[in-house]
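Q: Structure incoming, see below.
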Amino acid sequence: MRKIVNSWWIQRSVLAFLLLVVCLAAGRPLVAMTEKTLVDINTASVSELMKVDGMRETWARRIVRFRPYRVKTDLVGKGIVTREVYQRFEDKIVAHRVAKKP
C-alpha cells in the first residue's frame, strides 16, 4: 500500500512540475481565472467591486445602484458604463442570476 501511495504522489508531483514549466514557457499565468476569483456584479458590495482591477468608485456605485443584471454585458446595454470602461474589467466579473423572492 505504501508503494502505491508514493507512486501516486510522485506522479502528481511530476505532472505539477511539467505544468509549471509549460506555463512559464508560454508566458501564461499559473492560476486561471475561476468562478471563485470572479466578482458577481449582482451581489458584490461597492468595496468588493473596488478590488477589481480597472474599477473606479463611481462605476462600482452605479453597478450596485442599477441592479439586477441578467448578463454582465447589461452594464453596457443599460448604459451603466461605456464599452471602453467595460473592456477594462469584463474578464474579472460575472452576473449570476438572483433568485426572485416569493
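Please note that chains go A, B, ... in the order of the C-alpha cells, that every chain numbers its residues from 1, and that ligands are numbered from 1 in the order shown.
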Near Lys51 (chain A), within 10 Å and counting only C-alpha atoms, which residues show up once chain neighbours fewer than 5 positions away are dropped, as an MDAnalysis selection string?
A: chainID A and resid 39 46 56 60
Q: Filtering to N, CA and C atoms, could you give me those residues as a PDB file, in the first residue's frame?
A:
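Result saved to result_19.pdb:
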```pdb
ATOM      1  N   VAL A  39     -15.877  38.409  -9.673  1.00  0.00           N
ATOM      2  CA  VAL A  39     -16.749  39.168  -8.779  1.00  0.00           C
ATOM      3  C   VAL A  39     -18.135  39.219  -9.391  1.00  0.00           C
ATOM      4  N   VAL A  46     -19.910  47.632  -2.931  1.00  0.00           N
ATOM      5  CA  VAL A  46     -19.059  48.613  -3.604  1.00  0.00           C
ATOM      6  C   VAL A  46     -17.592  48.323  -3.289  1.00  0.00           C
ATOM      7  N   ARG A  56     -13.464  51.844 -10.883  1.00  0.00           N
ATOM      8  CA  ARG A  56     -13.456  53.122 -10.176  1.00  0.00           C
ATOM      9  C   ARG A  56     -14.679  53.165  -9.271  1.00  0.00           C
ATOM     10  N   ALA A  60     -18.481  51.494  -9.680  1.00  0.00           N
ATOM     11  CA  ALA A  60     -18.926  50.495  -8.713  1.00  0.00           C
ATOM     12  C   ALA A  60     -20.264  50.897  -8.103  1.00  0.00           C
TER      13      ALA A  60
END
```
Q: Rank A:Leu49, A:Ala44, A:Arg62, A:Leu15 by their smallest atom-to-atom distance to Thr82 (chain A), using only C-alpha atoms, and report the top residue only.
A: A:Arg62
Q: Quick one: everything within 10 Å of Val94 (chain A), counting only C-alpha atoms, minus sequence neighbours fewer than 4 positions away in the same chain. Send it as a PyMOL selection string.
A: chain A and resi 35+37-42+69-73+90
Q: Using C-alpha atoms, can you write the selected residues to a file as a PDB file, in the first residue's frame?
A:
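Now in part02.pdb:
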```pdb
ATOM      1  CA  GLU A  35     -15.604  31.337 -10.695  1.00  0.00           C
ATOM      2  CA  THR A  37     -11.933  34.802  -8.467  1.00  0.00           C
ATOM      3  CA  LEU A  38     -14.694  36.474 -10.474  1.00  0.00           C
ATOM      4  CA  VAL A  39     -16.749  39.168  -8.779  1.00  0.00           C
ATOM      5  CA  ASP A  40     -20.531  38.823  -9.085  1.00  0.00           C
ATOM      6  CA  ILE A  41     -21.965  42.208 -10.061  1.00  0.00           C
ATOM      7  CA  ASN A  42     -25.390  41.217  -8.698  1.00  0.00           C
ATOM      8  CA  TYR A  69     -28.331  42.244 -14.324  1.00  0.00           C
ATOM      9  CA  ARG A  70     -29.204  39.198 -16.425  1.00  0.00           C
ATOM     10  CA  VAL A  71     -25.754  39.083 -18.038  1.00  0.00           C
ATOM     11  CA  LYS A  72     -22.622  41.123 -17.474  1.00  0.00           C
ATOM     12  CA  THR A  73     -22.979  42.845 -20.851  1.00  0.00           C
ATOM     13  CA  GLU A  90     -15.015  42.250 -18.379  1.00  0.00           C
TER      14      GLU A  90
END
```
Q: Tell me, in Å to one decimal, how far CA of Val81 (chain A) is from CA of Arg97 (chain A).
A: 19.7 Å
Q: Considering only C-alpha atoms, return as a PyMOL selection string whatever protein or nucleic-acid residues lie within 8 Å of Asp53 (chain A), sequence-local ones (same chain, fewer than 2 positions apart) excluded.
A: chain A and resi 50-51+55+88-89+92
Q: Generate a file of the selected residues that holds C-alpha atoms, formatted as a short mmCIF file (atom, residue, chain, number, x, y, z; two decimals), in the first residue's frame.
A:
```cif
data_model
loop_
_atom_site.label_atom_id
_atom_site.label_comp_id
_atom_site.auth_asym_id
_atom_site.auth_seq_id
_atom_site.Cartn_x
_atom_site.Cartn_y
_atom_site.Cartn_z
CA MET A 50 -13.41 48.22 -5.98
CA LYS A 51 -10.99 45.28 -5.65
CA MET A 55 -12.76 49.59 -11.42
CA ARG A 88 -11.15 47.03 -18.65
CA PHE A 89 -12.78 44.53 -16.30
CA LYS A 92 -12.98 39.78 -13.93
#
```
Q: How many Å lie between CA of Gly54 (chain A) and CA of Leu75 (chain A), rounded to one decimal?
A: 14.7 Å
Q: Here is a test: counting only C-alpha atoms, which residue of A:Asp74, A:Leu18, A:Arg83, A:Ser45 is nearest to Arg61 (chain A)?
A: A:Ser45
Q: Could you tell me which of A:Tyr86, A:Ser13, A:Ile80, A:Pro68 comes closest to Val98 (chain A) if we count only C-alpha atoms?
A: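 So, comparing all the options, the nearest one is A:Pro68.
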Q: Rounded to one decimal in Å, what is the spacing between CA of His96 (chain A) and CA of Glu48 (chain A)?
A: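 According to the coordinates, CA of His96 (chain A) and CA of Glu48 (chain A) are separated by 15.5 Å.
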